[in-house]
Amino acid sequence: MTLRIGMIGPGGMGQAHIHRIHSVIAGGRVVAVADLNADNAAKVAELIDGRAFTSSAELIASPEVDAVMICSYGPAHEVDVIAAIEAGKYVFCEKPLAPTADACVRIMEAEQRAGKRLVTVGFMRRFDPSYQEMKQLLDAGEIGEALMVHNAHRNPTVPEMYTWDMAINDTAIHEIDTMRWLLGEEFTRVRVDKPKRTSHRFPHLQDPLVLILETTSGVRVDDEVFVNCQYGYDIQCELVGETGVVRLGDQELVQRADLKGRRNRLTMDHNQRFGTAFVREVQEWITAVSEDRHTGSSSWDGYAAAVVCDAGVQALEVDGWVPVEMLPKPEFYA
Ligand code: ISE
């Protein structure tokens, strides 16, 4: 059986997912798209030989759609995620689940009322082979207890519409989720260090910045976020344990050696760097949904990331630590 997927917001990210689903991923097909921009909906629908909707509610309700993928702008997610839950359909929602913790709470409430875990949040790094190996080594006790993690998240540049808070809730949100998953702990407080700013772009941004986070057991995580670094999409992570260190390898690409030296091409965006992770993430979701089971990050993970982001955004405006205040985790998400 082929899972018939309806996609809301088939922009750049959505079209990259469509390409993966129709070329290398098995078991699913995007049969309908919804976009407020009727021209884009029609254009993408024609490419996939599917149906175009301008109303996401109609796409969700369509009997031709078994499951929903949401790749629209973050503030639009809540309404569509809740509509999919109420229609009893599994929903894959790109990060962020919703831009505020309150909106994520409303989603968790709707899901608990439905009595079934239906929501998967698109935190793809959990599916990256190198982060997975790092986690396996940590969980197997190979480097003792985790003490610190040093991250860097560098983008070559960002568009003009990228607002000052997005360094945390659009960019660092990836490390926030990945570190919660890697360490298996929640964060208790956050701080933002604000170094000298790059002269390269956008005076409205604090760029770079360093987000510092502390977990319940006291692990210290730092995350350099530098979104106008010019040279490439550069993701780094070094986990320091009591008896050893694990570091992500450099990129997903081959390394070349010649008279100019030893080097590798740089990836320029997340689709290149996390191509494998995206394929594994979406494949796992399609397989699980076809078997009527939930997989991947839950609404709770979306909520937890949003709470930490809210504290991080506050910390951008003040000096010193901001506490992370999370609701107790409902049994439903245990
Ligand atoms: C973007 O939304 C992403 O999700 C990318 O992975 C991240 O690197 C970038 O900073 C974000 O704007």
# chains A, B, ... in the order shown; residues from 1 in each chain; ligands from 1
>>> closest_atom_pairs(of="chain A", to="ligand 1", cutoff="10 Å", atoms="only C-alpha atoms and all ligand atoms", output="JSON lines")
{"residue": "A:Met13", "atom": "CA", "partner": "ligand 1", "partner_atom_place_in_ligand_line": "2 (O)", "distance": 9.1}
{"residue": "A:Tyr73", "atom": "CA", "partner": "ligand 1", "partner_atom_place_in_ligand_line": "2 (O)", "distance": 9.8}
{"residue": "A:Gly74", "atom": "CA", "partner": "ligand 1", "partner_atom_place_in_ligand_line": "2 (O)", "distance": 9.8}
{"residue": "A:Glu94", "atom": "CA", "partner": "ligand 1", "partner_atom_place_in_ligand_line": "4 (O)", "distance": 8.8}
{"residue": "A:Lys95", "atom": "CA", "partner": "ligand 1", "partner_atom_place_in_ligand_line": "4 (O)", "distance": 7.3}
{"residue": "A:Pro96", "atom": "CA", "partner": "ligand 1", "partner_atom_place_in_ligand_line": "4 (O)", "distance": 8.8}
{"residue": "A:Gly122", "atom": "CA", "partner": "ligand 1", "partner_atom_place_in_ligand_line": "4 (O)", "distance": 9.6}
{"residue": "A:Phe123", "atom": "CA", "partner": "ligand 1", "partner_atom_place_in_ligand_line": "4 (O)", "distance": 8.9}
{"residue": "A:Met124", "atom": "CA", "partner": "ligand 1", "partner_atom_place_in_ligand_line": "6 (O)", "distance": 9.0}
{"residue": "A:Arg125", "atom": "CA", "partner": "ligand 1", "partner_atom_place_in_ligand_line": "6 (O)", "distance": 9.2}
{"residue": "A:His153", "atom": "CA", "partner": "ligand 1", "partner_atom_place_in_ligand_line": "8 (O)", "distance": 6.7}
{"residue": "A:Arg154", "atom": "CA", "partner": "ligand 1", "partner_atom_place_in_ligand_line": "8 (O)", "distance": 7.0}
{"residue": "A:Asn155", "atom": "CA", "partner": "ligand 1", "partner_atom_place_in_ligand_line": "8 (O)", "distance": 5.8}
{"residue": "A:Pro156", "atom": "CA", "partner": "ligand 1", "partner_atom_place_in_ligand_line": "8 (O)", "distance": 9.2}
{"residue": "A:Thr157", "atom": "CA", "partner": "ligand 1", "partner_atom_place_in_ligand_line": "10 (O)", "distance": 8.5}
{"residue": "A:Val158", "atom": "CA", "partner": "ligand 1", "partner_atom_place_in_ligand_line": "12 (O)", "distance": 6.7}
{"residue": "A:Pro159", "atom": "CA", "partner": "ligand 1", "partner_atom_place_in_ligand_line": "12 (O)", "distance": 8.6}
{"residue": "A:Tyr162", "atom": "CA", "partner": "ligand 1", "partner_atom_place_in_ligand_line": "12 (O)", "distance": 7.6}
{"residue": "A:Met166", "atom": "CA", "partner": "ligand 1", "partner_atom_place_in_ligand_line": "12 (O)", "distance": 7.2}
{"residue": "A:Ala167", "atom": "CA", "partner": "ligand 1", "partner_atom_place_in_ligand_line": "10 (O)", "distance": 7.0}
{"residue": "A:Ile168", "atom": "CA", "partner": "ligand 1", "partner_atom_place_in_ligand_line": "10 (O)", "distance": 9.0}
{"residue": "A:Asn169", "atom": "CA", "partner": "ligand 1", "partner_atom_place_in_ligand_line": "11 (C)", "distance": 8.9}
{"residue": "A:Asp170", "atom": "CA", "partner": "ligand 1", "partner_atom_place_in_ligand_line": "11 (C)", "distance": 5.2}
{"residue": "A:Thr171", "atom": "CA", "partner": "ligand 1", "partner_atom_place_in_ligand_line": "10 (O)", "distance": 3.9}
{"residue": "A:Ala172", "atom": "CA", "partner": "ligand 1", "partner_atom_place_in_ligand_line": "10 (O)", "distance": 7.4}
{"residue": "A:Ile173", "atom": "CA", "partner": "ligand 1", "partner_atom_place_in_ligand_line": "4 (O)", "distance": 8.3}
{"residue": "A:His174", "atom": "CA", "partner": "ligand 1", "partner_atom_place_in_ligand_line": "6 (O)", "distance": 7.0}
{"residue": "A:Glu175", "atom": "CA", "partner": "ligand 1", "partner_atom_place_in_ligand_line": "6 (O)", "distance": 9.9}
{"residue": "A:Val225", "atom": "CA", "partner": "ligand 1", "partner_atom_place_in_ligand_line": "10 (O)", "distance": 8.3}
{"residue": "A:Phe226", "atom": "CA", "partner": "ligand 1", "partner_atom_place_in_ligand_line": "10 (O)", "distance": 8.6}
{"residue": "A:Val227", "atom": "CA", "partner": "ligand 1", "partner_atom_place_in_ligand_line": "10 (O)", "distance": 6.3}
{"residue": "A:Asn228", "atom": "CA", "partner": "ligand 1", "partner_atom_place_in_ligand_line": "10 (O)", "distance": 9.6}
{"residue": "A:Tyr233", "atom": "CA", "partner": "ligand 1", "partner_atom_place_in_ligand_line": "8 (O)", "distance": 7.2}
{"residue": "A:Asp234", "atom": "CA", "partner": "ligand 1", "partner_atom_place_in_ligand_line": "8 (O)", "distance": 8.7}
{"residue": "A:Ile235", "atom": "CA", "partner": "ligand 1", "partner_atom_place_in_ligand_line": "8 (O)", "distance": 8.4}
{"residue": "A:Met268", "atom": "CA", "partner": "ligand 1", "partner_atom_place_in_ligand_line": "8 (O)", "distance": 9.7}
{"residue": "A:Asp269", "atom": "CA", "partner": "ligand 1", "partner_atom_place_in_ligand_line": "8 (O)", "distance": 6.9}
{"residue": "A:His270", "atom": "CA", "partner": "ligand 1", "partner_atom_place_in_ligand_line": "6 (O)", "distance": 4.9}
{"residue": "A:Asn271", "atom": "CA", "partner": "ligand 1", "partner_atom_place_in_ligand_line": "6 (O)", "distance": 8.0}
{"residue": "A:Arg273", "atom": "CA", "partner": "ligand 1", "partner_atom_place_in_ligand_line": "6 (O)", "distance": 9.1}
{"residue": "A:Phe274", "atom": "CA", "partner": "ligand 1", "partner_atom_place_in_ligand_line": "6 (O)", "distance": 8.5}
>>> select_by_dssp(residues="stretch 250-304 of chain A", states="alpha helix (DSSP H)", output="ChimeraX atom specification")
/A:270-273,275-290,299-304
>>> atom_distance(atom1="atom CA of A:Asp319", atom2="atom CA of A:Asp193")
8.3 Å
>>> residues_around(residues="A:Val68", least_positions_apart="5", cutoff="9 Å", atoms="only C-alpha atoms", output="mmCIF file with N, CA, C and O atoms, in the first residue's frame")
data_model
loop_
_atom_site.group_PDB
_atom_site.id
_atom_site.type_symbol
_atom_site.label_atom_id
_atom_site.label_comp_id
_atom_site.auth_asym_id
_atom_site.auth_seq_id
_atom_site.Cartn_x
_atom_site.Cartn_y
_atom_site.Cartn_z
ATOM 1 N N ARG A 4 -0.713 7.876 1.042
ATOM 2 C CA ARG A 4 -1.038 9.081 0.256
ATOM 3 C C ARG A 4 -0.877 10.310 1.160
ATOM 4 O O ARG A 4 -1.609 10.480 2.128
ATOM 5 N N ILE A 5 0.108 11.108 0.821
ATOM 6 C CA ILE A 5 0.480 12.238 1.685
ATOM 7 C C ILE A 5 -0.049 13.536 1.094
ATOM 8 O O ILE A 5 0.071 13.782 -0.116
ATOM 9 N N GLY A 6 -0.617 14.374 1.961
ATOM 10 C CA GLY A 6 -1.015 15.723 1.560
ATOM 11 C C GLY A 6 -0.017 16.687 2.173
ATOM 12 O O GLY A 6 0.235 16.631 3.384
ATOM 13 N N MET A 7 0.563 17.546 1.362
ATOM 14 C CA MET A 7 1.573 18.474 1.896
ATOM 15 C C MET A 7 1.048 19.896 1.949
ATOM 16 O O MET A 7 0.548 20.429 0.951
ATOM 17 N N ILE A 8 1.238 20.518 3.129
ATOM 18 C CA ILE A 8 0.857 21.930 3.292
ATOM 19 C C ILE A 8 2.137 22.775 3.237
ATOM 20 O O ILE A 8 3.078 22.495 3.996
ATOM 21 N N LEU A 59 -7.497 20.224 2.358
ATOM 22 C CA LEU A 59 -6.524 19.141 2.092
ATOM 23 C C LEU A 59 -6.560 18.114 3.227
ATOM 24 O O LEU A 59 -6.605 16.906 2.997
ATOM 25 N N ILE A 60 -6.569 18.618 4.478
ATOM 26 C CA ILE A 60 -6.558 17.704 5.631
ATOM 27 C C ILE A 60 -7.813 16.824 5.622
ATOM 28 O O ILE A 60 -7.757 15.630 5.894
ATOM 29 N N VAL A 81 -1.819 21.512 12.449
ATOM 30 C CA VAL A 81 -1.484 20.308 13.240
ATOM 31 C C VAL A 81 -2.730 19.867 14.006
ATOM 32 O O VAL A 81 -3.097 18.681 14.011
ATOM 33 N N ALA A 84 -5.298 18.264 11.734
ATOM 34 C CA ALA A 84 -4.910 16.891 11.353
ATOM 35 C C ALA A 84 -5.190 15.931 12.510
ATOM 36 O O ALA A 84 -5.729 14.834 12.312
ATOM 37 N N LYS A 89 -5.529 11.999 11.615
ATOM 38 C CA LYS A 89 -4.466 11.674 10.639
ATOM 39 C C LYS A 89 -3.082 11.936 11.237
ATOM 40 O O LYS A 89 -2.879 12.926 11.936
ATOM 41 N N TYR A 90 -2.143 11.043 10.927
ATOM 42 C CA TYR A 90 -0.760 11.277 11.345
ATOM 43 C C TYR A 90 -0.253 12.532 10.644
ATOM 44 O O TYR A 90 -0.580 12.784 9.475
ATOM 45 N N VAL A 91 0.570 13.283 11.382
ATOM 46 C CA VAL A 91 1.068 14.533 10.816
ATOM 47 C C VAL A 91 2.561 14.692 11.116
ATOM 48 O O VAL A 91 2.997 14.528 12.251
ATOM 49 N N PHE A 92 3.308 14.963 10.076
ATOM 50 C CA PHE A 92 4.735 15.273 10.194
ATOM 51 C C PHE A 92 4.838 16.780 10.056
ATOM 52 O O PHE A 92 4.456 17.335 9.019
ATOM 53 N N CYS A 93 5.337 17.453 11.088
ATOM 54 C CA CYS A 93 5.404 18.910 11.048
ATOM 55 C C CYS A 93 6.860 19.342 11.095
ATOM 56 O O CYS A 93 7.591 18.983 12.027
#
>>> select_by_dssp(residues="stretch 210-325 of chain A", states="strand (DSSP E)", output="PyMOL selection string")
chain A and resi 210-215+220-226+234-241+245-247+255-258+261-264+322-323
>>> closest_residue(among="A:Ser130, A:Thr188, A:Gln283, A:Ser62", to="A:Arg220", atoms="only C-alpha atoms")
A:Thr188
